[in-house]
$ cat upload32.cif   # mmCIF, C-alpha atoms
data_data
loop_
_atom_site.group_PDB
_atom_site.id
_atom_site.type_symbol
_atom_site.label_atom_id
_atom_site.label_comp_id
_atom_site.auth_asym_id
_atom_site.auth_seq_id
_atom_site.Cartn_x
_atom_site.Cartn_y
_atom_site.Cartn_z
ATOM 1 C CA ALA A 1 -67.886 -119.326 -12.610
ATOM 2 C CA PRO A 2 -71.329 -118.956 -10.998
ATOM 3 C CA GLU A 3 -74.104 -117.902 -13.379
ATOM 4 C CA ARG A 4 -77.657 -116.712 -12.852
ATOM 5 C CA LEU A 5 -80.012 -119.625 -12.393
ATOM 6 C CA GLN A 6 -82.296 -118.640 -15.279
ATOM 7 C CA LYS A 7 -79.318 -118.500 -17.626
ATOM 8 C CA VAL A 8 -78.228 -122.021 -16.657
ATOM 9 C CA ILE A 9 -81.757 -123.343 -17.257
ATOM 10 C CA SER A 10 -81.886 -121.654 -20.660
ATOM 11 C CA ARG A 11 -78.449 -122.943 -21.638
ATOM 12 C CA ALA A 12 -79.596 -126.458 -20.781
ATOM 13 C CA GLY A 13 -82.222 -126.163 -23.510
ATOM 14 C CA ILE A 14 -85.170 -126.324 -21.106
ATOM 15 C CA ALA A 15 -86.694 -122.938 -21.923
ATOM 16 C CA SER A 16 -85.884 -119.405 -22.985
ATOM 17 C CA ARG A 17 -84.419 -117.175 -20.288
ATOM 18 C CA ARG A 18 -87.708 -115.328 -19.841
ATOM 19 C CA ALA A 19 -89.632 -118.599 -19.518
ATOM 20 C CA ALA A 20 -86.992 -119.858 -17.074
ATOM 21 C CA GLU A 21 -87.598 -116.791 -14.913
ATOM 22 C CA GLU A 22 -91.295 -117.629 -14.794
ATOM 23 C CA MET A 23 -90.450 -121.206 -13.777
ATOM 24 C CA ILE A 24 -88.335 -119.876 -10.913
ATOM 25 C CA LEU A 25 -91.017 -117.434 -9.742
ATOM 26 C CA ASP A 26 -93.596 -120.249 -9.862
ATOM 27 C CA GLY A 27 -91.511 -122.347 -7.480
ATOM 28 C CA ARG A 28 -90.773 -125.081 -10.001
ATOM 29 C CA VAL A 29 -86.980 -124.896 -9.638
ATOM 30 C CA ARG A 30 -84.802 -126.379 -6.894
ATOM 31 C CA VAL A 31 -81.092 -125.939 -6.271
ATOM 32 C CA ASN A 32 -79.525 -128.713 -4.202
ATOM 33 C CA GLY A 33 -82.996 -129.725 -3.060
ATOM 34 C CA VAL A 34 -84.117 -126.233 -1.999
ATOM 35 C CA VAL A 35 -86.851 -124.328 -3.851
ATOM 36 C CA VAL A 36 -85.513 -121.066 -5.279
ATOM 37 C CA THR A 37 -87.786 -118.165 -6.233
ATOM 38 C CA ASP A 38 -85.196 -115.376 -6.273
ATOM 39 C CA LEU A 39 -84.155 -114.356 -9.797
ATOM 40 C CA GLY A 40 -80.834 -113.066 -8.482
ATOM 41 C CA VAL A 41 -79.535 -116.451 -7.339
ATOM 42 C CA LYS A 42 -76.356 -117.689 -9.009
ATOM 43 C CA VAL A 43 -75.322 -121.323 -9.303
ATOM 44 C CA ASP A 44 -72.391 -123.419 -10.412
ATOM 45 C CA ALA A 45 -73.683 -125.250 -13.476
ATOM 46 C CA LEU A 46 -71.290 -128.145 -12.919
ATOM 47 C CA GLY A 47 -71.252 -128.356 -9.121
ATOM 48 C CA ASP A 48 -74.840 -127.574 -8.096
ATOM 49 C CA ARG A 49 -77.798 -129.905 -8.640
ATOM 50 C CA VAL A 50 -80.555 -127.988 -10.427
ATOM 51 C CA THR A 51 -83.967 -129.533 -11.036
ATOM 52 C CA VAL A 52 -87.049 -128.258 -12.865
ATOM 53 C CA ASP A 53 -90.317 -129.964 -11.954
ATOM 54 C CA GLY A 54 -88.284 -132.640 -10.197
ATOM 55 C CA ARG A 55 -86.066 -133.419 -13.181
ATOM 56 C CA LYS A 56 -82.341 -132.743 -13.078
ATOM 57 C CA ILE A 57 -81.084 -130.536 -15.880
ATOM 58 C CA ALA A 58 -77.873 -131.183 -17.766
ATOM 59 C CA VAL A 59 -76.044 -128.106 -18.991
ATOM 60 C CA ARG A 60 -75.020 -128.396 -22.604
ATOM 61 C CA PRO A 61 -71.283 -127.881 -23.214
ATOM 62 C CA PRO A 62 -70.369 -124.963 -25.504
ATOM 63 C CA GLU A 63 -69.415 -127.287 -28.369
ATOM 64 C CA GLU A 64 -73.008 -128.570 -28.482
ATOM 65 C CA ILE A 65 -74.503 -125.103 -28.976
ATOM 66 C CA LYS A 66 -75.572 -125.164 -32.609
ATOM 67 C CA TRP A 67 -76.981 -122.732 -35.145
ATOM 68 C CA ILE A 68 -78.349 -124.338 -38.302
ATOM 69 C CA ALA A 69 -79.627 -122.742 -41.508
ATOM 70 C CA VAL A 70 -82.178 -124.895 -43.346
ATOM 71 C CA HIS A 71 -83.746 -124.430 -46.766
ATOM 72 C CA LYS A 72 -87.204 -125.598 -45.771
ATOM 73 C CA PRO A 73 -89.113 -127.244 -48.609
ATOM 74 C CA LYS A 74 -92.854 -126.986 -49.006
ATOM 75 C CA GLY A 75 -94.803 -129.628 -47.115
ATOM 76 C CA TYR A 76 -92.817 -129.437 -43.872
ATOM 77 C CA ILE A 77 -94.079 -127.802 -40.680
ATOM 78 C CA CYS A 78 -91.912 -125.735 -38.337
ATOM 79 C CA SER A 79 -92.147 -128.023 -35.345
ATOM 80 C CA MET A 80 -90.037 -130.706 -33.739
ATOM 81 C CA ASN A 81 -93.016 -133.021 -33.224
ATOM 82 C CA ASP A 82 -96.445 -133.429 -34.796
ATOM 83 C CA ASP A 83 -99.297 -135.554 -33.471
ATOM 84 C CA ARG A 84 -100.744 -135.781 -36.984
ATOM 85 C CA ASP A 85 -97.582 -137.449 -38.284
ATOM 86 C CA ARG A 86 -96.806 -134.703 -40.794
ATOM 87 C CA LYS A 87 -93.260 -134.050 -41.973
ATOM 88 C CA THR A 88 -91.375 -131.613 -39.711
ATOM 89 C CA VAL A 89 -88.122 -129.677 -40.019
ATOM 90 C CA LYS A 90 -86.664 -132.173 -37.524
ATOM 91 C CA ASP A 91 -86.737 -134.715 -40.356
ATOM 92 C CA LEU A 92 -84.347 -132.547 -42.372
ATOM 93 C CA VAL A 93 -81.548 -132.265 -39.788
ATOM 94 C CA PRO A 94 -80.355 -135.573 -38.284
ATOM 95 C CA MET A 95 -78.952 -133.983 -35.099
ATOM 96 C CA ALA A 96 -82.051 -131.868 -34.406
ATOM 97 C CA GLU A 97 -83.723 -134.130 -31.846
ATOM 98 C CA ARG A 98 -80.572 -135.106 -29.965
ATOM 99 C CA LEU A 99 -79.465 -131.478 -29.571
ATOM 100 C CA ARG A 100 -82.987 -130.166 -28.894
ATOM 101 C CA LEU A 101 -82.848 -127.702 -31.746
ATOM 102 C CA LEU A 102 -85.811 -125.343 -31.994
ATOM 103 C CA PRO A 103 -87.038 -123.275 -34.968
ATOM 104 C CA VAL A 104 -86.354 -119.548 -34.826
ATOM 105 C CA GLY A 105 -89.807 -118.340 -35.827
ATOM 106 C CA ARG A 106 -91.758 -120.204 -38.456
ATOM 107 C CA LEU A 107 -92.659 -120.628 -42.098
ATOM 108 C CA ASP A 108 -96.067 -122.078 -42.869
ATOM 109 C CA ARG A 109 -96.355 -125.544 -44.365
ATOM 110 C CA ASP A 110 -96.906 -124.304 -47.925
ATOM 111 C CA SER A 111 -93.952 -121.876 -47.883
ATOM 112 C CA SER A 112 -90.269 -122.572 -48.455
ATOM 113 C CA GLY A 113 -86.974 -120.866 -47.800
ATOM 114 C CA LEU A 114 -84.562 -119.904 -45.055
ATOM 115 C CA LEU A 115 -85.287 -121.157 -41.554
ATOM 116 C CA LEU A 116 -82.929 -121.075 -38.576
ATOM 117 C CA LEU A 117 -82.690 -123.755 -35.891
ATOM 118 C CA THR A 118 -80.791 -123.388 -32.624
ATOM 119 C CA ASN A 119 -80.497 -124.668 -29.076
ATOM 120 C CA ASP A 120 -79.091 -121.336 -27.878
ATOM 121 C CA ASN A 121 -82.489 -120.606 -26.397
ATOM 122 C CA LYS A 122 -81.867 -117.189 -24.885
ATOM 123 C CA TRP A 123 -81.797 -115.760 -28.416
ATOM 124 C CA LEU A 124 -85.182 -117.140 -29.493
ATOM 125 C CA HIS A 125 -87.294 -114.336 -28.035
ATOM 126 C CA PRO A 126 -85.283 -111.362 -29.343
ATOM 127 C CA LEU A 127 -84.985 -112.999 -32.763
ATOM 128 C CA THR A 128 -88.706 -113.653 -33.149
ATOM 129 C CA HIS A 129 -90.617 -111.001 -31.227
ATOM 130 C CA PRO A 130 -92.056 -108.368 -33.594
ATOM 131 C CA SER A 131 -91.043 -105.514 -31.287
ATOM 132 C CA TYR A 132 -87.424 -106.023 -32.380
ATOM 133 C CA GLY A 133 -88.348 -105.451 -36.022
ATOM 134 C CA HIS A 134 -85.978 -107.940 -37.653
ATOM 135 C CA GLN A 135 -86.155 -107.867 -41.435
ATOM 136 C CA LYS A 136 -87.146 -110.993 -43.337
ATOM 137 C CA ARG A 137 -87.202 -110.847 -47.134
ATOM 138 C CA TYR A 138 -89.490 -112.984 -49.287
ATOM 139 C CA ILE A 139 -90.034 -113.629 -52.985
ATOM 140 C CA VAL A 140 -93.793 -113.852 -53.436
ATOM 141 C CA THR A 141 -95.594 -114.978 -56.583
ATOM 142 C CA VAL A 142 -99.207 -113.802 -56.759
ATOM 143 C CA ASP A 143 -102.164 -114.554 -59.007
ATOM 144 C CA ASN A 144 -104.042 -112.051 -61.201
ATOM 145 C CA GLY A 145 -100.976 -110.179 -62.404
ATOM 146 C CA THR A 146 -98.868 -107.587 -60.661
ATOM 147 C CA PRO A 147 -100.857 -105.406 -58.242
ATOM 148 C CA LYS A 148 -101.200 -101.765 -59.212
ATOM 149 C CA TYR A 149 -98.893 -99.176 -57.711
ATOM 150 C CA ASP A 150 -101.502 -97.525 -55.500
ATOM 151 C CA VAL A 151 -102.520 -100.908 -54.092
ATOM 152 C CA LEU A 152 -98.915 -101.836 -53.351
ATOM 153 C CA ASN A 153 -98.368 -98.465 -51.731
ATOM 154 C CA GLU A 154 -101.344 -99.097 -49.457
ATOM 155 C CA LEU A 155 -99.869 -102.441 -48.435
ATOM 156 C CA ALA A 156 -96.484 -100.873 -47.835
ATOM 157 C CA GLU A 157 -97.955 -98.318 -45.435
ATOM 158 C CA GLY A 158 -99.918 -100.936 -43.492
ATOM 159 C CA VAL A 159 -103.469 -102.304 -43.764
ATOM 160 C CA LEU A 160 -106.067 -103.526 -41.303
ATOM 161 C CA LEU A 161 -106.600 -107.188 -42.096
ATOM 162 C CA PRO A 162 -109.893 -108.934 -41.248
ATOM 163 C CA GLY A 163 -109.940 -110.091 -37.654
ATOM 164 C CA GLU A 164 -107.087 -107.805 -36.576
ATOM 165 C CA ARG A 165 -107.225 -104.827 -34.225
ATOM 166 C CA THR A 166 -104.186 -103.007 -35.557
ATOM 167 C CA LYS A 167 -102.741 -102.350 -38.972
ATOM 168 C CA THR A 168 -99.808 -104.333 -40.250
ATOM 169 C CA ALA A 169 -96.411 -102.728 -39.770
ATOM 170 C CA PRO A 170 -94.957 -100.909 -42.781
ATOM 171 C CA VAL A 171 -93.308 -103.216 -45.325
ATOM 172 C CA SER A 172 -90.989 -102.784 -48.290
ATOM 173 C CA ILE A 173 -92.314 -104.054 -51.632
ATOM 174 C CA GLY A 174 -90.580 -104.301 -54.989
ATOM 175 C CA VAL A 175 -91.846 -105.659 -58.311
ATOM 176 C CA PHE A 176 -89.812 -108.139 -60.339
ATOM 177 C CA PHE A 177 -91.735 -108.985 -63.505
ATOM 178 C CA GLU A 178 -95.090 -110.169 -64.841
ATOM 179 C CA PRO A 179 -94.662 -113.053 -67.253
ATOM 180 C CA LYS A 180 -97.722 -114.168 -69.199
ATOM 181 C CA THR A 181 -98.982 -117.712 -69.499
ATOM 182 C CA SER A 182 -101.553 -119.107 -71.873
ATOM 183 C CA ARG A 183 -104.232 -119.019 -69.187
ATOM 184 C CA LYS A 184 -103.561 -116.062 -66.918
ATOM 185 C CA SER A 185 -100.863 -113.683 -65.740
ATOM 186 C CA PHE A 186 -99.081 -113.611 -62.419
ATOM 187 C CA GLY A 187 -96.740 -111.229 -60.688
ATOM 188 C CA THR A 188 -93.588 -111.667 -58.632
ATOM 189 C CA LEU A 189 -92.898 -109.374 -55.705
ATOM 190 C CA GLU A 190 -90.070 -108.890 -53.243
ATOM 191 C CA VAL A 191 -91.515 -108.203 -49.792
ATOM 192 C CA THR A 192 -89.584 -107.351 -46.625
ATOM 193 C CA LEU A 193 -91.462 -107.835 -43.361
ATOM 194 C CA ARG A 194 -90.555 -106.593 -39.890
ATOM 195 C CA GLU A 195 -93.198 -108.577 -38.058
ATOM 196 C CA GLY A 196 -94.632 -112.057 -38.451
ATOM 197 C CA ARG A 197 -98.362 -112.391 -37.931
ATOM 198 C CA ASN A 198 -99.998 -115.713 -38.710
ATOM 199 C CA ARG A 199 -99.945 -116.303 -42.486
ATOM 200 C CA GLN A 200 -99.443 -112.574 -42.878
ATOM 201 C CA LEU A 201 -98.206 -112.493 -46.474
ATOM 202 C CA ARG A 202 -101.006 -114.753 -47.690
ATOM 203 C CA ARG A 203 -103.629 -112.680 -45.910
ATOM 204 C CA MET A 204 -102.210 -109.407 -47.201
ATOM 205 C CA MET A 205 -102.249 -110.582 -50.809
ATOM 206 C CA GLU A 206 -105.705 -112.099 -50.459
ATOM 207 C CA PHE A 207 -106.858 -108.759 -49.053
ATOM 208 C CA ILE A 208 -105.902 -106.948 -52.287
ATOM 209 C CA GLY A 209 -107.277 -109.643 -54.596
ATOM 210 C CA HIS A 210 -103.975 -111.271 -55.570
ATOM 211 C CA PRO A 211 -103.870 -114.705 -53.887
ATOM 212 C CA VAL A 212 -100.432 -116.152 -53.216
ATOM 213 C CA LEU A 213 -99.138 -118.864 -55.528
ATOM 214 C CA ASN A 214 -95.718 -119.263 -53.915
ATOM 215 C CA ILE A 215 -93.683 -117.856 -51.012
ATOM 216 C CA ARG A 216 -89.952 -118.290 -50.527
ATOM 217 C CA ARG A 217 -87.989 -116.624 -47.732
ATOM 218 C CA VAL A 218 -84.553 -115.612 -48.982
ATOM 219 C CA ASP A 219 -83.140 -113.522 -46.099
ATOM 220 C CA PHE A 220 -83.379 -113.533 -42.314
ATOM 221 C CA GLY A 221 -81.656 -110.391 -41.048
ATOM 222 C CA PRO A 222 -78.058 -110.563 -42.334
ATOM 223 C CA LEU A 223 -78.332 -114.249 -43.343
ATOM 224 C CA THR A 224 -79.226 -115.600 -46.787
ATOM 225 C CA LEU A 225 -79.709 -118.924 -48.584
ATOM 226 C CA LYS A 226 -76.029 -118.961 -49.590
ATOM 227 C CA GLY A 227 -74.781 -122.546 -49.492
ATOM 228 C CA ILE A 228 -78.268 -124.075 -49.239
ATOM 229 C CA THR A 229 -79.867 -123.084 -52.527
ATOM 230 C CA THR A 230 -81.706 -126.406 -52.928
ATOM 231 C CA PRO A 231 -84.787 -127.137 -50.772
ATOM 232 C CA GLY A 232 -83.939 -129.680 -48.073
ATOM 233 C CA GLN A 233 -80.303 -128.648 -47.737
ATOM 234 C CA TRP A 234 -78.920 -127.406 -44.415
ATOM 235 C CA ARG A 235 -75.627 -126.230 -42.980
ATOM 236 C CA GLU A 236 -74.152 -125.013 -39.722
ATOM 237 C CA LEU A 237 -73.643 -121.286 -39.448
ATOM 238 C CA LYS A 238 -70.084 -120.067 -39.266
ATOM 239 C CA PRO A 239 -69.021 -118.399 -35.985
ATOM 240 C CA SER A 240 -68.769 -115.090 -37.845
ATOM 241 C CA GLU A 241 -72.363 -115.470 -39.064
ATOM 242 C CA VAL A 242 -73.627 -116.240 -35.564
ATOM 243 C CA PHE A 243 -71.790 -113.205 -34.230
ATOM 244 C CA MET A 244 -73.214 -111.031 -37.009
ATOM 245 C CA LEU A 245 -76.750 -112.264 -36.267
ATOM 246 C CA LYS A 246 -76.378 -111.634 -32.533
ATOM 247 C CA ARG A 247 -74.870 -108.211 -33.145
ATOM 248 C CA ALA A 248 -77.916 -107.303 -35.253
ATOM 249 C CA VAL A 249 -80.152 -108.384 -32.356
ATOM 250 C CA ILE A 250 -78.234 -106.278 -29.850
ATOM 251 C CA THR A 251 -78.279 -103.247 -32.151
ATOM 252 C CA ARG A 252 -82.056 -103.483 -32.493
ATOM 253 C CA ALA A 253 -82.487 -104.132 -28.780
ATOM 254 C CA LYS A 254 -80.566 -100.948 -27.985
ATOM 255 C CA ALA A 255 -82.695 -98.983 -30.448
ATOM 256 C CA ARG A 256 -85.816 -100.440 -28.822
ATOM 257 C CA GLU A 257 -84.534 -99.459 -25.382
ATOM 258 C CA ARG A 258 -83.940 -95.866 -26.503
ATOM 259 C CA MET A 259 -87.489 -95.724 -27.838
ATOM 260 C CA LEU A 260 -88.932 -97.113 -24.608
ATOM 261 C CA ARG A 261 -86.956 -94.637 -22.549
ATOM 262 C CA LYS A 262 -88.474 -91.775 -24.508
ATOM 263 C CA GLN A 263 -91.949 -93.181 -23.967
ATOM 264 C CA ARG A 264 -91.563 -93.700 -20.227
ATOM 265 C CA LYS A 265 -92.917 -90.969 -17.983
ATOM 266 C CA ASP A 266 -90.790 -91.959 -14.995
ATOM 267 C CA GLY A 267 -87.150 -92.933 -14.932
ATOM 268 C CA GLU A 268 -87.193 -94.940 -11.740
ATOM 269 C CA THR A 269 -86.745 -98.478 -12.998
ATOM 270 C CA GLN A 270 -84.758 -100.201 -15.683
ATOM 271 C CA THR A 271 -86.933 -101.427 -18.529
ATOM 272 C CA VAL A 272 -87.247 -105.062 -19.534
ATOM 273 C CA ALA A 273 -85.468 -104.219 -22.775
ATOM 274 C CA ALA A 274 -82.458 -102.879 -20.875
ATOM 275 C CA LYS A 275 -82.197 -106.093 -18.856
ATOM 276 C CA GLU A 276 -82.427 -108.144 -22.044
ATOM 277 C CA ILE A 277 -79.638 -106.124 -23.646
ATOM 278 C CA SER A 278 -77.380 -106.701 -20.653
ATOM 279 C CA GLY A 279 -77.794 -110.468 -20.856
ATOM 280 C CA LEU A 280 -77.407 -110.589 -24.630
ATOM 281 C CA VAL A 281 -74.283 -108.430 -24.686
ATOM 282 C CA ASP A 282 -72.636 -110.550 -22.000
ATOM 283 C CA GLY A 283 -73.462 -113.698 -23.936
ATOM 284 C CA ASN A 284 -72.192 -112.352 -27.233
ATOM 285 C CA ARG A 285 -68.843 -111.388 -25.730
ATOM 286 C CA ARG A 286 -68.225 -114.988 -24.738
ATOM 287 C CA ALA A 287 -69.726 -116.653 -27.832
ATOM 288 C CA ASP A 288 -67.726 -116.606 -31.080
#
$ encode --input "upload32.cif" --output "structure tokens"
Amino acid sequence: APERLQKVISRAGIASRRAAEEMILDGRVRVNGVVVTDLGVKVDALGDRVTVDGRKIAVRPPEEIKWIAVHKPKGYICSMNDDRDRKTVKDLVPMAERLRLLPVGRLDRDSSGLLLLTNDNKWLHPLTHPSYGHQKRYIVTVDNGTPKYDVLNELAEGVLLPGERTKTAPVSIGVFFEPKTSRKSFGTLEVTLREGRNRQLRRMMEFIGHPVLNIRRVDFGPLTLKGITTPGQWRELKPSEVFMLKRAVITRAKARERMLRKQRKDGETQTVAAKEISGLVDGNRRAD
């Protein structure tokens, strides 16, 4: 059945749907040799010849759409390639390069824990953009003991970090324990973030005088490290897990749309969020 051009480009692993729309508007896409700049055009993925920047795209069959959960060890960067020859998450999953898997968000090089990889590119933006507010839970070990309650409460409500224009979004923080060593004490916290600024956890803890010793992500939305408890392990997500993850995205997208509708002063046009929901819902009905 004919599909929107931007969806076909995204499904081919070339770009996210939003980025594909920009490619079309920029005149970089041709269908059967003709430049197309209309976002409403539909094509037959198997019968029509679609090129981006002169290169023909090959639509990936449904059986090659993959979702992978990886327990990223320390020392690996969340990239498929690195010009400095550092270890990347691609090195952990043999099929990653062939299937053009991309990281869903990132964990910095010195952090470990749950990382998702996929080539279902239309889900990358709604899974990573902070406006969707997806919860990610971390176990964080900090230096100088457990922070005091009032300090943790300040962090939980949001703080203005150096170099930022806005406060961090509210976070949930719990305290595990504070074992003592012969040299100094440290504390272990459970922190749930709903946004992902650059090295946010490290900067937050540095801000309150408790530098990070270790960060491990244990949850991403409804997914956990179950089945990949050892760093370096990976597994494919079950269809039910993929469906559950996508359903969480759609639920948050609908909540975001309701909020945007309240904020709008005019009701003349459909918001971007509403368009995103439509595409995601359609896709989730056919997936899984």
$ residues_near_point --input "upload32.cif" --point "(-75.4, -125.2, -28.8)" --cutoff "8 Å" --atoms "only C-alpha atoms" --output "JSON, numbers by chain"
{"A": [60, 61, 62, 63, 64, 65, 66, 67, 99, 118, 119, 120]}
$ write_last_selection --input "upload32.cif" --atoms "C-alpha atoms" --output "mmCIF file, in the coordinates of the input"
data_model
loop_
_atom_site.group_PDB
_atom_site.id
_atom_site.type_symbol
_atom_site.label_atom_id
_atom_site.label_comp_id
_atom_site.auth_asym_id
_atom_site.auth_seq_id
_atom_site.Cartn_x
_atom_site.Cartn_y
_atom_site.Cartn_z
ATOM 1 C CA ARG A 60 -75.020 -128.396 -22.604
ATOM 2 C CA PRO A 61 -71.283 -127.881 -23.214
ATOM 3 C CA PRO A 62 -70.369 -124.963 -25.504
ATOM 4 C CA GLU A 63 -69.415 -127.287 -28.369
ATOM 5 C CA GLU A 64 -73.008 -128.570 -28.482
ATOM 6 C CA ILE A 65 -74.503 -125.103 -28.976
ATOM 7 C CA LYS A 66 -75.572 -125.164 -32.609
ATOM 8 C CA TRP A 67 -76.981 -122.732 -35.145
ATOM 9 C CA LEU A 99 -79.465 -131.478 -29.571
ATOM 10 C CA THR A 118 -80.791 -123.388 -32.624
ATOM 11 C CA ASN A 119 -80.497 -124.668 -29.076
ATOM 12 C CA ASP A 120 -79.091 -121.336 -27.878
#
$ residues_near_point --input "upload32.cif" --point "(-89.4, -122.6, -10.1)" --cutoff "10 Å" --atoms "all atoms listed in the file" --output "PyMOL selection string"
chain A and resi 6+20-31+35-39+51-53
$ closest_residue --input "upload32.cif" --among "A:Gly221, A:Pro147, A:Pro162, A:Gly105" --to "Arg203 of chain A" --atoms "all atoms listed in the file"
A:Pro162
$ resolve_selection --input "upload32.cif" --expression "the PyMOL selection byres ((chain A and resi 42) around 7)" --output "PyMOL selection string"
chain A and resi 2-5+40-41+43
$ write_last_selection --input "upload32.cif" --atoms "C-alpha atoms" --output "compact mmCIF listing (two decimals), keeping the file's coordinate frame"
# COMPACT_ATOMS: atom_id res chain seq x y z
CA PRO A 2 -71.33 -118.96 -11.00
CA GLU A 3 -74.10 -117.90 -13.38
CA ARG A 4 -77.66 -116.71 -12.85
CA LEU A 5 -80.01 -119.62 -12.39
CA GLY A 40 -80.83 -113.07 -8.48
CA VAL A 41 -79.54 -116.45 -7.34
CA VAL A 43 -75.32 -121.32 -9.30
$ residues_around --input "upload32.cif" --residues "His129 of chain A" --least-positions-apart "2" --cutoff "10 Å" --atoms "all atoms listed in the file" --output "ChimeraX atom specification"
/A:105,124-127,131-134,194-196
$ decode --input "upload32.cif" --residues "segment 95-112 of chain A" --atoms "N, CA and C atoms" --output "PDB file, in the first residue's frame"
ATOM      1  N   MET A  95      25.514  -7.210  14.868  1.00  0.00           N
ATOM      2  CA  MET A  95      24.640  -6.839  13.753  1.00  0.00           C
ATOM      3  C   MET A  95      24.439  -5.327  13.626  1.00  0.00           C
ATOM      4  N   ALA A  96      24.994  -4.548  14.537  1.00  0.00           N
ATOM      5  CA  ALA A  96      24.686  -3.124  14.623  1.00  0.00           C
ATOM      6  C   ALA A  96      24.982  -2.365  13.335  1.00  0.00           C
ATOM      7  N   GLU A  97      26.149  -2.587  12.748  1.00  0.00           N
ATOM      8  CA  GLU A  97      26.519  -1.841  11.547  1.00  0.00           C
ATOM      9  C   GLU A  97      25.689  -2.270  10.346  1.00  0.00           C
ATOM     10  N   ARG A  98      25.523  -3.559  10.169  1.00  0.00           N
ATOM     11  CA  ARG A  98      24.769  -4.059   9.009  1.00  0.00           C
ATOM     12  C   ARG A  98      23.332  -3.555   9.014  1.00  0.00           C
ATOM     13  N   LEU A  99      22.706  -3.503  10.190  1.00  0.00           N
ATOM     14  CA  LEU A  99      21.306  -3.099  10.288  1.00  0.00           C
ATOM     15  C   LEU A  99      21.135  -1.614  10.563  1.00  0.00           C
ATOM     16  N   ARG A 100      22.243  -0.880  10.597  1.00  0.00           N
ATOM     17  CA  ARG A 100      22.202   0.572  10.838  1.00  0.00           C
ATOM     18  C   ARG A 100      21.478   0.904  12.139  1.00  0.00           C
ATOM     19  N   LEU A 101      21.816   0.195  13.175  1.00  0.00           N
ATOM     20  CA  LEU A 101      21.221   0.487  14.479  1.00  0.00           C
ATOM     21  C   LEU A 101      21.768   1.805  15.007  1.00  0.00           C
ATOM     22  N   LEU A 102      20.914   2.553  15.671  1.00  0.00           N
ATOM     23  CA  LEU A 102      21.310   3.837  16.259  1.00  0.00           C
ATOM     24  C   LEU A 102      20.970   3.840  17.747  1.00  0.00           C
ATOM     25  N   PRO A 103      21.780   4.513  18.573  1.00  0.00           N
ATOM     26  CA  PRO A 103      21.469   4.605  20.002  1.00  0.00           C
ATOM     27  C   PRO A 103      20.236   5.470  20.237  1.00  0.00           C
ATOM     28  N   VAL A 104      19.414   5.052  21.179  1.00  0.00           N
ATOM     29  CA  VAL A 104      18.265   5.847  21.606  1.00  0.00           C
ATOM     30  C   VAL A 104      18.742   6.693  22.786  1.00  0.00           C
ATOM     31  N   GLY A 105      19.139   7.925  22.506  1.00  0.00           N
ATOM     32  CA  GLY A 105      19.739   8.758  23.541  1.00  0.00           C
ATOM     33  C   GLY A 105      21.186   8.366  23.748  1.00  0.00           C
ATOM     34  N   ARG A 106      21.713   8.710  24.925  1.00  0.00           N
ATOM     35  CA  ARG A 106      23.120   8.410  25.167  1.00  0.00           C
ATOM     36  C   ARG A 106      23.418   8.248  26.650  1.00  0.00           C
ATOM     37  N   LEU A 107      24.518   7.580  26.903  1.00  0.00           N
ATOM     38  CA  LEU A 107      25.142   7.500  28.223  1.00  0.00           C
ATOM     39  C   LEU A 107      26.584   7.937  28.016  1.00  0.00           C
ATOM     40  N   ASP A 108      27.110   8.775  28.891  1.00  0.00           N
ATOM     41  CA  ASP A 108      28.478   9.231  28.655  1.00  0.00           C
ATOM     42  C   ASP A 108      29.479   8.085  28.823  1.00  0.00           C
ATOM     43  N   ARG A 109      30.681   8.319  28.377  1.00  0.00           N
ATOM     44  CA  ARG A 109      31.692   7.265  28.289  1.00  0.00           C
ATOM     45  C   ARG A 109      31.971   6.617  29.641  1.00  0.00           C
ATOM     46  N   ASP A 110      31.908   7.396  30.716  1.00  0.00           N
ATOM     47  CA  ASP A 110      32.253   6.880  32.039  1.00  0.00           C
ATOM     48  C   ASP A 110      31.056   6.315  32.801  1.00  0.00           C
ATOM     49  N   SER A 111      29.890   6.242  32.141  1.00  0.00           N
ATOM     50  CA  SER A 111      28.699   5.678  32.776  1.00  0.00           C
ATOM     51  C   SER A 111      28.375   4.320  32.162  1.00  0.00           C
ATOM     52  N   SER A 112      27.616   3.520  32.902  1.00  0.00           N
ATOM     53  CA  SER A 112      27.219   2.206  32.413  1.00  0.00           C
ATOM     54  C   SER A 112      25.712   2.062  32.536  1.00  0.00           C
TER      55      SER A 112
END
